[in-house]
file data-v1.cif (mmCIF, C-alpha atoms (C1' of nucleotides))
data_data
#
loop_
_atom_site.label_atom_id
_atom_site.label_comp_id
_atom_site.auth_asym_id
_atom_site.auth_seq_id
_atom_site.Cartn_x
_atom_site.Cartn_y
_atom_site.Cartn_z
CA MET A 1 14.95 -23.58 13.84
CA SER A 2 15.12 -26.32 11.25
CA GLU A 3 15.60 -26.08 7.52
CA GLN A 4 11.98 -27.09 6.99
CA ASP A 5 10.79 -24.38 9.32
CA LEU A 6 12.72 -21.74 7.42
CA ALA A 7 11.28 -22.92 4.14
CA ALA A 8 7.79 -22.79 5.59
CA ILE A 9 8.36 -19.29 6.95
CA SER A 10 9.57 -18.12 3.58
CA GLN A 11 6.60 -19.64 1.77
CA LEU A 12 4.23 -18.18 4.30
CA ARG A 13 5.73 -14.75 3.82
CA SER A 14 5.72 -14.70 0.05
CA SER A 15 2.27 -16.26 -0.21
CA THR A 16 0.83 -13.77 2.21
CA MET A 17 2.27 -10.82 0.33
CA ARG A 18 1.10 -12.08 -3.00
CA LEU A 19 -2.39 -13.08 -1.92
CA SER A 20 -2.96 -9.77 -0.21
CA ARG A 21 -1.91 -7.84 -3.29
CA ARG A 22 -4.48 -9.74 -5.31
CA LEU A 23 -7.16 -9.37 -2.66
CA LYS A 24 -6.60 -5.64 -2.58
CA HIS A 25 -7.81 -5.44 -6.15
CA GLN A 26 -11.20 -6.83 -5.13
CA ARG A 27 -12.62 -3.59 -3.82
CA VAL A 28 -16.34 -3.12 -3.49
CA GLU A 29 -16.20 0.59 -2.74
CA GLU A 30 -13.82 2.11 -5.27
CA SER A 31 -13.97 5.46 -3.57
CA LEU A 32 -12.49 4.16 -0.31
CA SER A 33 -8.75 3.65 0.05
CA PRO A 34 -7.34 0.62 1.88
CA THR A 35 -6.51 2.73 4.90
CA GLU A 36 -10.00 4.16 5.03
CA MET A 37 -11.40 0.64 4.89
CA GLY A 38 -8.96 -0.26 7.65
CA VAL A 39 -10.31 2.52 9.83
CA LEU A 40 -13.86 1.31 9.33
CA GLY A 41 -12.67 -2.18 10.19
CA THR A 42 -11.05 -1.23 13.46
CA LEU A 43 -14.02 0.92 14.38
CA ALA A 44 -16.28 -2.03 13.75
CA ARG A 45 -14.12 -4.13 16.04
CA CYS A 46 -13.44 -1.58 18.79
CA GLY A 47 -16.69 0.33 18.69
CA LYS A 48 -15.16 3.77 19.10
CA ALA A 49 -11.74 5.35 19.15
CA THR A 50 -9.98 8.68 19.08
CA PRO A 51 -8.13 9.86 15.98
CA GLY A 52 -4.83 9.32 17.76
CA GLU A 53 -5.64 5.72 18.57
CA LEU A 54 -6.77 5.12 15.00
CA ALA A 55 -3.57 6.64 13.66
CA ARG A 56 -1.48 4.31 15.77
CA LYS A 57 -3.51 1.25 14.85
CA GLU A 58 -3.40 2.00 11.13
CA HIS A 59 0.26 3.00 11.22
CA VAL A 60 -0.50 6.44 9.90
CA GLN A 61 0.49 9.86 11.19
CA PRO A 62 -2.11 11.85 13.13
CA PRO A 63 -2.58 14.54 10.48
CA SER A 64 -3.35 11.89 7.91
CA MET A 65 -5.92 10.36 10.21
CA THR A 66 -7.55 13.73 10.71
CA ARG A 67 -8.06 13.97 6.99
CA ILE A 68 -9.27 10.40 6.67
CA VAL A 69 -11.82 10.84 9.46
CA ALA A 70 -12.99 14.11 7.93
CA MET A 71 -13.58 12.43 4.59
CA LEU A 72 -15.35 9.47 6.18
CA GLU A 73 -17.56 11.82 8.14
CA GLU A 74 -18.40 13.72 4.99
CA LYS A 75 -19.51 10.45 3.42
CA GLY A 76 -21.65 9.62 6.41
CA LEU A 77 -19.61 6.56 7.35
CA VAL A 78 -18.38 7.89 10.66
CA ARG A 79 -19.53 10.14 13.51
CA ARG A 80 -17.38 12.54 15.52
CA GLU A 81 -18.36 13.48 19.08
CA PRO A 82 -16.48 15.44 21.72
CA HIS A 83 -14.68 13.33 24.29
CA PRO A 84 -16.66 13.26 27.55
CA GLU A 85 -13.69 13.95 29.87
CA ASP A 86 -10.97 15.41 27.73
CA ARG A 87 -12.02 18.29 25.54
CA ARG A 88 -8.88 18.04 23.43
CA GLN A 89 -9.89 14.67 22.14
CA VAL A 90 -12.59 13.48 19.78
CA VAL A 91 -14.40 10.16 19.74
CA VAL A 92 -14.99 8.57 16.36
CA SER A 93 -17.54 5.82 15.79
CA SER A 94 -18.83 4.13 12.66
CA THR A 95 -22.36 4.33 11.29
CA GLU A 96 -24.76 1.69 10.04
CA GLN A 97 -23.83 2.57 6.50
CA ALA A 98 -20.21 1.76 7.23
CA GLU A 99 -21.15 -1.66 8.55
CA THR A 100 -23.03 -2.36 5.35
CA ILE A 101 -20.10 -1.42 3.15
CA LEU A 102 -17.76 -3.42 5.31
CA ALA A 103 -19.92 -6.51 5.14
CA GLU A 104 -20.29 -6.24 1.40
CA SER A 105 -16.56 -5.82 0.98
CA ARG A 106 -15.82 -8.89 3.06
CA ARG A 107 -18.43 -10.87 1.19
CA ARG A 108 -16.97 -9.97 -2.16
CA ARG A 109 -13.43 -10.82 -1.19
CA ASN A 110 -14.62 -14.08 0.28
CA VAL A 111 -16.30 -14.95 -2.99
CA TRP A 112 -13.15 -14.15 -4.91
CA LEU A 113 -10.98 -16.17 -2.57
CA ALA A 114 -13.44 -19.07 -2.58
CA GLU A 115 -13.34 -19.14 -6.37
CA LEU A 116 -9.57 -19.16 -6.27
CA ALA A 117 -9.69 -22.03 -3.79
CA GLN A 118 -11.63 -24.09 -6.32
CA GLY A 119 -8.25 -24.66 -7.92
CA LEU A 120 -7.16 -26.74 -4.95
CA ASP A 121 -8.05 -30.39 -4.63
CA GLU A 122 -9.99 -31.80 -1.71
CA GLU A 123 -6.97 -32.76 0.34
CA GLU A 124 -5.21 -29.45 -0.05
CA TRP A 125 -8.29 -27.57 0.99
CA ALA A 126 -8.62 -29.72 4.08
CA VAL A 127 -5.11 -28.71 5.11
CA LEU A 128 -5.89 -25.06 4.58
CA ARG A 129 -9.17 -25.24 6.44
CA GLU A 130 -7.36 -26.58 9.44
CA ALA A 131 -4.66 -23.95 9.17
CA ALA A 132 -7.02 -21.00 8.91
CA PRO A 133 -7.58 -20.52 12.65
CA VAL A 134 -3.88 -20.86 13.33
CA LEU A 135 -3.06 -18.29 10.70
CA TYR A 136 -5.65 -16.05 12.25
CA LYS A 137 -3.99 -16.40 15.62
CA LEU A 138 -0.59 -15.69 14.10
CA ALA A 139 -1.83 -12.55 12.41
CA HIS A 140 -3.21 -11.23 15.68
CA LEU A 141 -0.22 -12.03 17.92
CA MET B 1 -19.71 -24.87 0.15
CA SER B 2 -20.17 -25.60 3.82
CA GLU B 3 -20.42 -23.27 6.76
CA GLN B 4 -16.99 -24.38 7.91
CA ASP B 5 -15.50 -23.61 4.55
CA LEU B 6 -16.92 -20.11 4.58
CA ALA B 7 -15.50 -19.48 8.03
CA ALA B 8 -12.10 -20.72 6.89
CA ILE B 9 -12.20 -18.51 3.80
CA SER B 10 -13.03 -15.50 5.91
CA GLN B 11 -10.26 -16.22 8.38
CA LEU B 12 -7.82 -16.79 5.56
CA ARG B 13 -8.75 -13.49 3.98
CA SER B 14 -8.52 -11.34 7.08
CA SER B 15 -5.35 -13.03 8.31
CA THR B 16 -3.68 -12.55 4.97
CA MET B 17 -4.56 -8.88 4.82
CA ARG B 18 -3.43 -8.23 8.33
CA LEU B 19 -0.20 -10.19 8.14
CA SER B 20 0.80 -8.53 4.91
CA ARG B 21 0.20 -5.08 6.34
CA ARG B 22 2.52 -5.89 9.19
CA LEU B 23 5.11 -7.50 6.93
CA LYS B 24 5.15 -4.43 4.74
CA HIS B 25 6.55 -2.42 7.60
CA GLN B 26 9.61 -4.65 7.77
CA ARG B 27 11.44 -2.96 4.95
CA VAL B 28 15.18 -3.21 4.66
CA GLU B 29 15.54 -0.60 1.96
CA GLU B 30 13.43 2.36 2.99
CA SER B 31 14.01 4.11 -0.28
CA LEU B 32 12.36 1.38 -2.36
CA SER B 33 8.59 1.25 -2.71
CA PRO B 34 6.71 -2.07 -2.63
CA THR B 35 6.22 -1.99 -6.39
CA GLU B 36 9.90 -1.35 -6.98
CA MET B 37 10.72 -4.30 -4.76
CA GLY B 38 8.18 -6.31 -6.72
CA VAL B 39 9.96 -5.48 -9.95
CA LEU B 40 13.27 -6.62 -8.52
CA GLY B 41 11.54 -9.78 -7.38
CA THR B 42 10.08 -10.67 -10.75
CA LEU B 43 13.37 -9.86 -12.43
CA ALA B 44 15.12 -12.18 -10.03
CA ARG B 45 12.66 -14.90 -10.93
CA CYS B 46 12.41 -14.34 -14.67
CA GLY B 47 15.91 -13.17 -15.37
CA LYS B 48 14.99 -10.42 -17.79
CA ALA B 49 11.86 -8.73 -19.07
CA THR B 50 10.67 -5.77 -21.08
CA PRO B 51 9.01 -2.79 -19.38
CA GLY B 52 5.68 -3.84 -20.88
CA GLU B 53 5.91 -7.32 -19.39
CA LEU B 54 6.90 -5.90 -16.03
CA ALA B 55 3.98 -3.49 -16.10
CA ARG B 56 1.56 -6.34 -16.72
CA LYS B 57 3.06 -8.51 -14.02
CA GLU B 58 3.04 -5.78 -11.42
CA HIS B 59 -0.42 -4.53 -12.38
CA VAL B 60 0.90 -1.12 -13.23
CA GLN B 61 0.49 1.00 -16.34
CA PRO B 62 3.40 1.17 -18.80
CA PRO B 63 4.28 4.82 -18.10
CA SER B 64 4.62 4.07 -14.41
CA MET B 65 6.91 1.18 -15.18
CA THR B 66 9.06 3.42 -17.32
CA ARG B 67 9.65 5.70 -14.36
CA ILE B 68 10.22 2.84 -11.96
CA VAL B 69 12.79 1.26 -14.24
CA ALA B 70 14.49 4.61 -14.73
CA MET B 71 14.78 5.11 -10.99
CA LEU B 72 16.04 1.57 -10.43
CA GLU B 73 18.63 2.04 -13.15
CA GLU B 74 19.76 5.27 -11.57
CA LYS B 75 20.31 3.41 -8.32
CA GLY B 76 22.30 0.72 -10.09
CA LEU B 77 19.79 -2.01 -9.33
CA VAL B 78 18.80 -2.66 -12.91
CA ARG B 79 20.32 -2.63 -16.41
CA ARG B 80 18.62 -1.57 -19.60
CA GLU B 81 19.75 -2.99 -22.94
CA PRO B 82 18.24 -2.69 -26.39
CA HIS B 83 16.14 -5.64 -27.45
CA PRO B 84 18.11 -7.82 -29.88
CA GLU B 85 15.31 -8.22 -32.46
CA ASP B 86 12.82 -5.46 -31.79
CA ARG B 87 14.30 -2.00 -31.57
CA ARG B 88 11.17 -0.58 -29.99
CA GLN B 89 11.59 -2.69 -26.93
CA VAL B 90 14.04 -2.64 -24.07
CA VAL B 91 15.29 -5.54 -22.00
CA VAL B 92 15.60 -4.96 -18.29
CA SER B 93 17.66 -7.17 -16.01
CA SER B 94 18.65 -6.91 -12.37
CA THR B 95 22.17 -6.42 -11.05
CA GLU B 96 24.10 -8.16 -8.30
CA GLN B 97 23.30 -5.30 -5.99
CA ALA B 98 19.60 -5.90 -6.47
CA GLU B 99 19.98 -9.55 -5.57
CA THR B 100 21.73 -8.54 -2.37
CA ILE B 101 18.99 -6.14 -1.36
CA LEU B 102 16.35 -8.69 -2.23
CA ALA B 103 18.00 -11.40 -0.20
CA GLU B 104 18.45 -9.11 2.78
CA SER B 105 14.84 -8.02 2.57
CA ARG B 106 13.59 -11.58 2.49
CA ARG B 107 15.87 -12.53 5.34
CA ARG B 108 14.65 -9.70 7.51
CA ARG B 109 11.00 -10.44 6.93
CA ASN B 110 11.61 -14.09 7.60
CA VAL B 111 13.23 -13.23 10.89
CA TRP B 112 10.33 -11.03 11.86
CA LEU B 113 7.79 -13.67 10.91
CA ALA B 114 9.75 -16.40 12.65
CA GLU B 115 9.80 -14.35 15.84
CA LEU B 116 6.07 -13.86 15.56
CA ALA B 117 5.65 -17.59 15.11
CA GLN B 118 7.35 -18.16 18.47
CA GLY B 119 3.99 -17.23 19.92
CA LEU B 120 2.47 -20.43 18.55
CA ASP B 121 2.77 -23.71 20.33
CA GLU B 122 4.35 -26.80 18.78
CA GLU B 123 1.14 -28.25 17.45
CA GLU B 124 -0.07 -25.04 15.85
CA TRP B 125 3.23 -24.55 14.12
CA ALA B 126 3.07 -28.07 12.74
CA VAL B 127 -0.27 -27.27 11.15
CA LEU B 128 1.08 -24.11 9.62
CA ARG B 129 4.21 -25.80 8.33
CA GLU B 130 2.08 -28.28 6.49
CA ALA B 131 -0.18 -25.56 5.14
CA ALA B 132 2.63 -23.36 3.81
CA PRO B 133 3.09 -25.14 0.47
CA VAL B 134 -0.68 -25.21 -0.08
CA LEU B 135 -0.96 -21.52 0.64
CA TYR B 136 1.87 -20.95 -1.78
CA LYS B 137 0.01 -22.86 -4.45
CA LEU B 138 -3.16 -20.92 -3.74
CA ALA B 139 -1.37 -17.59 -4.03
CA HIS B 140 0.02 -18.55 -7.41
CA LEU B 141 -3.16 -19.97 -8.95
"C1'" DG C 1 4.88 2.04 -49.89
"C1'" DA C 2 1.05 3.66 -46.87
"C1'" DT C 3 -1.48 2.60 -42.81
"C1'" DT C 4 -2.15 0.51 -38.59
"C1'" DT C 5 -0.44 -1.53 -34.44
"C1'" DT C 6 2.73 -2.05 -30.72
"C1'" DC C 7 6.11 -0.58 -27.39
"C1'" DT C 8 8.25 3.00 -24.80
"C1'" DT C 9 8.51 7.44 -23.28
"C1'" DT C 10 7.10 12.45 -22.07
"C1'" DA C 11 3.77 15.69 -19.96
"C1'" DG C 12 0.48 16.78 -16.79
"C1'" DC C 13 -2.73 15.53 -13.04
"C1'" DG C 14 -4.72 13.77 -8.72
"C1'" DA C 15 -4.84 10.82 -4.57
"C1'" DG C 16 -2.79 9.90 -0.37
"C1'" DG C 17 0.62 10.12 3.14
"C1'" DG C 18 4.46 12.77 5.64
"C1'" DT C 19 6.62 16.78 8.35
"C1'" DA C 20 6.41 21.20 10.59
"C1'" DA C 21 3.88 24.45 12.88
"C1'" DT C 22 -0.50 26.02 15.47
"C1'" DG C 23 -4.10 26.11 18.90
"C1'" DA C 24 -6.72 24.19 22.54
"C1'" DC C 25 -6.67 21.69 26.47
"C1'" DG C 26 -4.91 18.92 30.46
"C1'" DT C 27 -1.03 18.23 34.01
"C1'" DA C 28 2.85 18.94 37.02
"C1'" DG C 29 5.80 21.97 39.70
"C1'" DT C 30 6.55 25.68 42.63
"C1'" DA D 1 -2.80 29.80 41.88
"C1'" DC D 2 -0.17 30.33 38.17
"C1'" DT D 3 3.39 29.09 35.13
"C1'" DA D 4 5.67 25.71 32.26
"C1'" DC D 5 5.37 21.61 29.88
"C1'" DG D 6 3.18 17.75 27.48
"C1'" DT D 7 -0.54 15.99 24.51
"C1'" DC D 8 -4.21 15.86 21.12
"C1'" DA D 9 -6.23 17.38 17.00
"C1'" DT D 10 -5.76 20.24 13.33
"C1'" DT D 11 -3.90 23.28 9.49
"C1'" DA D 12 -0.52 24.30 5.82
"C1'" DC D 13 2.58 22.67 2.69
"C1'" DC D 14 5.36 19.17 0.25
"C1'" DC D 15 6.52 14.86 -1.97
"C1'" DT D 16 5.90 10.26 -3.79
"C1'" DC D 17 3.56 7.33 -6.84
"C1'" DG D 18 0.30 5.88 -9.98
"C1'" DC D 19 -2.86 7.28 -13.67
"C1'" DT D 20 -4.43 9.15 -18.48
"C1'" DA D 21 -3.46 11.33 -22.74
"C1'" DA D 22 -0.47 12.07 -26.29
"C1'" DA D 23 3.83 11.63 -28.86
"C1'" DG D 24 7.61 9.22 -31.07
"C1'" DA D 25 9.90 5.17 -33.03
"C1'" DA D 26 9.78 0.83 -34.92
"C1'" DA D 27 7.42 -3.30 -36.58
"C1'" DA D 28 3.56 -5.53 -38.96
"C1'" DT D 29 -0.07 -5.51 -42.32
"C1'" DC D 30 -2.39 -4.39 -46.32
#
call {"tool": "encode", "arguments": {"input": "data-v1.cif", "output": "structure tokens"}}
result
Amino acid sequence: MSEQDLAAISQLRSSTMRLSRRLKHQRVEESLSPTEMGVLGTLARCGKATPGELARKEHVQPPSMTRIVAMLEEKGLVRREPHPEDRRQVVVSSTEQAETILAESRRRRNVWLAELAQGLDEEEWAVLREAAPVLYKLAHL
Amino acid sequence: MSEQDLAAISQLRSSTMRLSRRLKHQRVEESLSPTEMGVLGTLARCGKATPGELARKEHVQPPSMTRIVAMLEEKGLVRREPHPEDRRQVVVSSTEQAETILAESRRRRNVWLAELAQGLDEEEWAVLREAAPVLYKLAHL
DNA sequence: GATTTTCTTTAGCGAGGGTAATGACGTAGT
DNA sequence: ACTACGTCATTACCCTCGCTAAAGAAAATC
């Protein structure tokens, strides 16, 4: 790995950390923690999941996920149904209301990020626009 | 703003959030919270700062910073000296030990990220390498 | 010189996540 | 078939971390 590559890696790392910290402050639903938003996000992607699966995906311990799901259910953002085959398990799915909140949250962060990107000149933005799909792939490897 | 731009913004946002969440798990010093690491980072960059300045930079309230600095001092990662002109203030600076931890932490996250980047092909990595400085600029706007 | 402002610190509180233990249910072994 | 073990969700309890409010010391202002 070349010197240039290492420099790029380092810049990528620090930029990612810093940008995410600033994005985190752009919350639409103040009453929802980042992890709770994360749960809604994965539910939106996967459709439904058990608490155990959610805990693993969000890097949280099962008891914590139990509490998170309970709170989300109380707010009407999530449904809990018994698992069809395994009566130990529970199936969690998100509601319409959750989708709305999620969409609004994304929209707001996009607006904030777009405004920030105004500070780049045309050429820089072209570079970033090309890199976006690659970054997306990297994040999901 | 074009349709393409919006798509790029959205990808940038979600990739950033996801990558940072995964990077956060690559901690070298388990006993130090992200904010505490952030303080060490800004001290490394700025040399020295008062608790008030640190609080502003880390988006934390002054009382929280007081406790963070106290804990860091207890661990020998930070020094507190009286301010030369203003006896209300305190000047905080980082120690050698902090630099070591910081460097190790960066190194470890770089390694992790570099390994992840192995999953990209040559062309994709070239795009990202070019985008890294731009992303860095964006994060610091 | 008195008052106001600024900086740090102390005290107390609440959110959010973790571990240990429990209970209900499936699964394997004999 | 029945016992022992593993797994999933949950409950109970603790601990970390950040916040607000208030206090104390020092500077700035009038």
call {"tool": "resolve_selection", "arguments": {"input": "data-v1.cif", "expression": "the PyMOL selection byres ((chain B) within 12 of (chain D))", "output": "VMD selection string"}}
result
chain B and resid 31 to 36 55 59 to 68 83 85 to 89
call {"tool": "write_last_selection", "arguments": {"input": "data-v1.cif", "atoms": "C-alpha atoms", "output": "tab-separated table (two decimals), in the coordinates of the input"}}
result
chain	number	residue	atom	x	y	z
B	31	SER	CA	14.01	4.11	-0.28
B	32	LEU	CA	12.36	1.38	-2.36
B	33	SER	CA	8.59	1.25	-2.71
B	34	PRO	CA	6.71	-2.07	-2.63
B	35	THR	CA	6.22	-1.99	-6.39
B	36	GLU	CA	9.90	-1.35	-6.98
B	55	ALA	CA	3.98	-3.49	-16.10
B	59	HIS	CA	-0.42	-4.53	-12.38
B	60	VAL	CA	0.90	-1.12	-13.23
B	61	GLN	CA	0.49	1.00	-16.34
B	62	PRO	CA	3.40	1.17	-18.80
B	63	PRO	CA	4.28	4.82	-18.10
B	64	SER	CA	4.62	4.07	-14.41
B	65	MET	CA	6.91	1.18	-15.18
B	66	THR	CA	9.06	3.42	-17.32
B	67	ARG	CA	9.65	5.70	-14.36
B	68	ILE	CA	10.22	2.84	-11.96
B	83	HIS	CA	16.14	-5.64	-27.45
B	85	GLU	CA	15.31	-8.22	-32.46
B	86	ASP	CA	12.82	-5.46	-31.79
B	87	ARG	CA	14.30	-2.00	-31.57
B	88	ARG	CA	11.17	-0.58	-29.99
B	89	GLN	CA	11.59	-2.69	-26.93
call {"tool": "resolve_selection", "arguments": {"input": "data-v1.cif", "expression": "the PyMOL selection byres ((chain B and resi 12-14) around 9)", "output": "CSV table (one decimal) with C-alpha atoms, in the frame of the given file"}}
result
chain,number,residue,atom,x,y,z
A,19,LEU,CA,-2.4,-13.1,-1.9
A,20,SER,CA,-3.0,-9.8,-0.2
A,23,LEU,CA,-7.2,-9.4,-2.7
A,106,ARG,CA,-15.8,-8.9,3.1
A,109,ARG,CA,-13.4,-10.8,-1.2
A,110,ASN,CA,-14.6,-14.1,0.3
A,113,LEU,CA,-11.0,-16.2,-2.6
A,128,LEU,CA,-5.9,-25.1,4.6
A,129,ARG,CA,-9.2,-25.2,6.4
A,131,ALA,CA,-4.7,-24.0,9.2
A,132,ALA,CA,-7.0,-21.0,8.9
A,133,PRO,CA,-7.6,-20.5,12.6
A,135,LEU,CA,-3.1,-18.3,10.7
A,136,TYR,CA,-5.6,-16.0,12.2
A,139,ALA,CA,-1.8,-12.6,12.4
B,7,ALA,CA,-15.5,-19.5,8.0
B,8,ALA,CA,-12.1,-20.7,6.9
B,9,ILE,CA,-12.2,-18.5,3.8
B,10,SER,CA,-13.0,-15.5,5.9
B,11,GLN,CA,-10.3,-16.2,8.4
B,15,SER,CA,-5.4,-13.0,8.3
B,16,THR,CA,-3.7,-12.6,5.0
B,17,MET,CA,-4.6,-8.9,4.8
B,18,ARG,CA,-3.4,-8.2,8.3
B,19,LEU,CA,-0.2,-10.2,8.1
call {"tool": "calpha_fit_and_write", "arguments": {"input": "data-v1.cif", "fixed": "chain B", "moving": "chain A", "output": "short mmCIF file (atom, residue, chain, number, x, y, z; two decimals) with C-alpha atoms, in the frame of the given file"}}
result
data_model
loop_
_atom_site.label_atom_id
_atom_site.label_comp_id
_atom_site.auth_asym_id
_atom_site.auth_seq_id
_atom_site.Cartn_x
_atom_site.Cartn_y
_atom_site.Cartn_z
CA MET A 1 -19.40 -25.03 -0.33
CA SER A 2 -19.96 -25.74 3.34
CA GLU A 3 -20.32 -23.34 6.22
CA GLN A 4 -16.91 -24.39 7.51
CA ASP A 5 -15.33 -23.72 4.16
CA LEU A 6 -16.75 -20.21 4.07
CA ALA A 7 -15.46 -19.50 7.54
CA ALA A 8 -12.03 -20.75 6.55
CA ILE A 9 -12.03 -18.62 3.40
CA SER A 10 -12.96 -15.57 5.41
CA GLN A 11 -10.24 -16.20 7.99
CA LEU A 12 -7.72 -16.83 5.27
CA ARG A 13 -8.61 -13.56 3.60
CA SER A 14 -8.51 -11.37 6.67
CA SER A 15 -5.37 -12.99 8.03
CA THR A 16 -3.59 -12.58 4.75
CA MET A 17 -4.47 -8.91 4.51
CA ARG A 18 -3.46 -8.20 8.04
CA LEU A 19 -0.21 -10.14 8.00
CA SER A 20 0.87 -8.54 4.76
CA ARG A 21 0.23 -5.06 6.11
CA ARG A 22 2.49 -5.82 9.05
CA LEU A 23 5.13 -7.44 6.87
CA LYS A 24 5.20 -4.39 4.65
CA HIS A 25 6.51 -2.37 7.56
CA GLN A 26 9.59 -4.58 7.77
CA ARG A 27 11.50 -2.93 4.97
CA VAL A 28 15.24 -3.30 4.73
CA GLU A 29 15.71 -0.71 2.00
CA GLU A 30 13.67 2.32 3.02
CA SER A 31 14.34 4.03 -0.26
CA LEU A 32 12.59 1.33 -2.31
CA SER A 33 8.82 1.28 -2.61
CA PRO A 34 6.88 -2.00 -2.50
CA THR A 35 6.35 -1.90 -6.24
CA GLU A 36 10.02 -1.35 -6.88
CA MET A 37 10.82 -4.32 -4.66
CA GLY A 38 8.20 -6.25 -6.61
CA VAL A 39 9.95 -5.46 -9.87
CA LEU A 40 13.26 -6.68 -8.49
CA GLY A 41 11.48 -9.81 -7.31
CA THR A 42 9.97 -10.67 -10.66
CA LEU A 43 13.24 -9.91 -12.40
CA ALA A 44 14.99 -12.26 -10.04
CA ARG A 45 12.46 -14.94 -10.89
CA CYS A 46 12.16 -14.36 -14.65
CA GLY A 47 15.68 -13.25 -15.39
CA LYS A 48 14.74 -10.48 -17.80
CA ALA A 49 11.63 -8.72 -19.00
CA THR A 50 10.45 -5.73 -20.97
CA PRO A 51 8.89 -2.73 -19.24
CA GLY A 52 5.51 -3.69 -20.65
CA GLU A 53 5.69 -7.18 -19.21
CA LEU A 54 6.78 -5.79 -15.85
CA ALA A 55 3.91 -3.32 -15.87
CA ARG A 56 1.42 -6.09 -16.44
CA LYS A 57 2.93 -8.34 -13.79
CA GLU A 58 3.02 -5.59 -11.17
CA HIS A 59 -0.42 -4.29 -12.10
CA VAL A 60 0.93 -0.87 -12.91
CA GLN A 61 0.50 1.30 -15.98
CA PRO A 62 3.35 1.40 -18.50
CA PRO A 63 4.33 5.02 -17.81
CA SER A 64 4.70 4.24 -14.14
CA MET A 65 6.92 1.30 -14.96
CA THR A 66 9.08 3.49 -17.16
CA ARG A 67 9.71 5.74 -14.20
CA ILE A 68 10.31 2.86 -11.82
CA VAL A 69 12.84 1.24 -14.16
CA ALA A 70 14.57 4.58 -14.67
CA MET A 71 14.94 5.04 -10.93
CA LEU A 72 16.16 1.48 -10.42
CA GLU A 73 18.69 1.93 -13.19
CA GLU A 74 19.90 5.13 -11.61
CA LYS A 75 20.48 3.23 -8.39
CA GLY A 76 22.39 0.53 -10.20
CA LEU A 77 19.85 -2.17 -9.40
CA VAL A 78 18.78 -2.81 -12.96
CA ARG A 79 20.23 -2.79 -16.48
CA ARG A 80 18.47 -1.69 -19.66
CA GLU A 81 19.51 -3.11 -23.04
CA PRO A 82 17.93 -2.76 -26.46
CA HIS A 83 15.75 -5.66 -27.51
CA PRO A 84 17.62 -7.88 -29.99
CA GLU A 85 14.75 -8.20 -32.52
CA ASP A 86 12.36 -5.39 -31.80
CA ARG A 87 13.93 -1.98 -31.56
CA ARG A 88 10.84 -0.50 -29.93
CA GLN A 89 11.30 -2.63 -26.88
CA VAL A 90 13.81 -2.65 -24.06
CA VAL A 91 15.04 -5.57 -22.00
CA VAL A 92 15.43 -5.01 -18.29
CA SER A 93 17.50 -7.29 -16.06
CA SER A 94 18.56 -7.05 -12.44
CA THR A 95 22.10 -6.64 -11.15
CA GLU A 96 24.05 -8.41 -8.44
CA GLN A 97 23.36 -5.54 -6.11
CA ALA A 98 19.64 -6.07 -6.53
CA GLU A 99 19.97 -9.72 -5.60
CA THR A 100 21.77 -8.74 -2.43
CA ILE A 101 19.09 -6.28 -1.39
CA LEU A 102 16.40 -8.78 -2.21
CA ALA A 103 18.02 -11.50 -0.15
CA GLU A 104 18.51 -9.20 2.79
CA SER A 105 14.91 -8.06 2.61
CA ARG A 106 13.62 -11.62 2.58
CA ARG A 107 15.91 -12.54 5.44
CA ARG A 108 14.69 -9.68 7.57
CA ARG A 109 11.04 -10.39 6.98
CA ASN A 110 11.63 -14.04 7.71
CA VAL A 111 13.22 -13.12 11.02
CA TRP A 112 10.29 -10.91 11.89
CA LEU A 113 7.76 -13.55 10.95
CA ALA A 114 9.70 -16.25 12.79
CA GLU A 115 9.67 -14.12 15.93
CA LEU A 116 5.95 -13.63 15.57
CA ALA A 117 5.54 -17.39 15.17
CA GLN A 118 7.16 -17.89 18.57
CA GLY A 119 3.77 -16.93 19.94
CA LEU A 120 2.28 -20.14 18.60
CA ASP A 121 2.54 -23.40 20.47
CA GLU A 122 4.15 -26.50 19.03
CA GLU A 123 0.97 -28.00 17.66
CA GLU A 124 -0.20 -24.84 15.96
CA TRP A 125 3.13 -24.38 14.28
CA ALA A 126 3.02 -27.93 12.99
CA VAL A 127 -0.29 -27.18 11.30
CA LEU A 128 1.10 -24.05 9.73
CA ARG A 129 4.26 -25.75 8.56
CA GLU A 130 2.19 -28.27 6.72
CA ALA A 131 -0.03 -25.59 5.24
CA ALA A 132 2.80 -23.42 3.96
CA PRO A 133 3.35 -25.25 0.67
CA VAL A 134 -0.37 -25.36 0.02
CA LEU A 135 -0.69 -21.66 0.65
CA TYR A 136 2.20 -21.13 -1.69
CA LYS A 137 0.43 -23.09 -4.38
CA LEU A 138 -2.77 -21.14 -3.80
CA ALA A 139 -0.98 -17.83 -4.10
CA HIS A 140 0.53 -18.84 -7.42
CA LEU A 141 -2.60 -20.32 -9.04
#
call {"tool": "closest_atom_pairs", "arguments": {"input": "data-v1.cif", "of": "chain C", "to": "chain B", "cutoff": "12 Å", "atoms": "all atoms listed in the file", "output": "tab-separated table"}}
result
residue	atom	partner	partner_atom	distance
C:DT6	C1'	B:Arg88	CA	8.6
C:DC7	C1'	B:Arg88	CA	5.7
C:DT8	C1'	B:Gln89	CA	6.9
C:DT9	C1'	B:Pro63	CA	7.2
C:DT10	C1'	B:Pro63	CA	9.1
C:DA11	C1'	B:Pro63	CA	11.0
call {"tool": "atom_distance", "arguments": {"input": "data-v1.cif", "atom1": "atom CA of A:Met37", "atom2": "atom CA of B:Gly38"}}
result
23.8 Å
call {"tool": "closest_residue", "arguments": {"input": "data-v1.cif", "among": "B:Glu99, B:Glu58, B:Glu30, B:Glu81", "to": "chain A", "atoms": "all atoms listed in the file"}}
result
B:Glu58
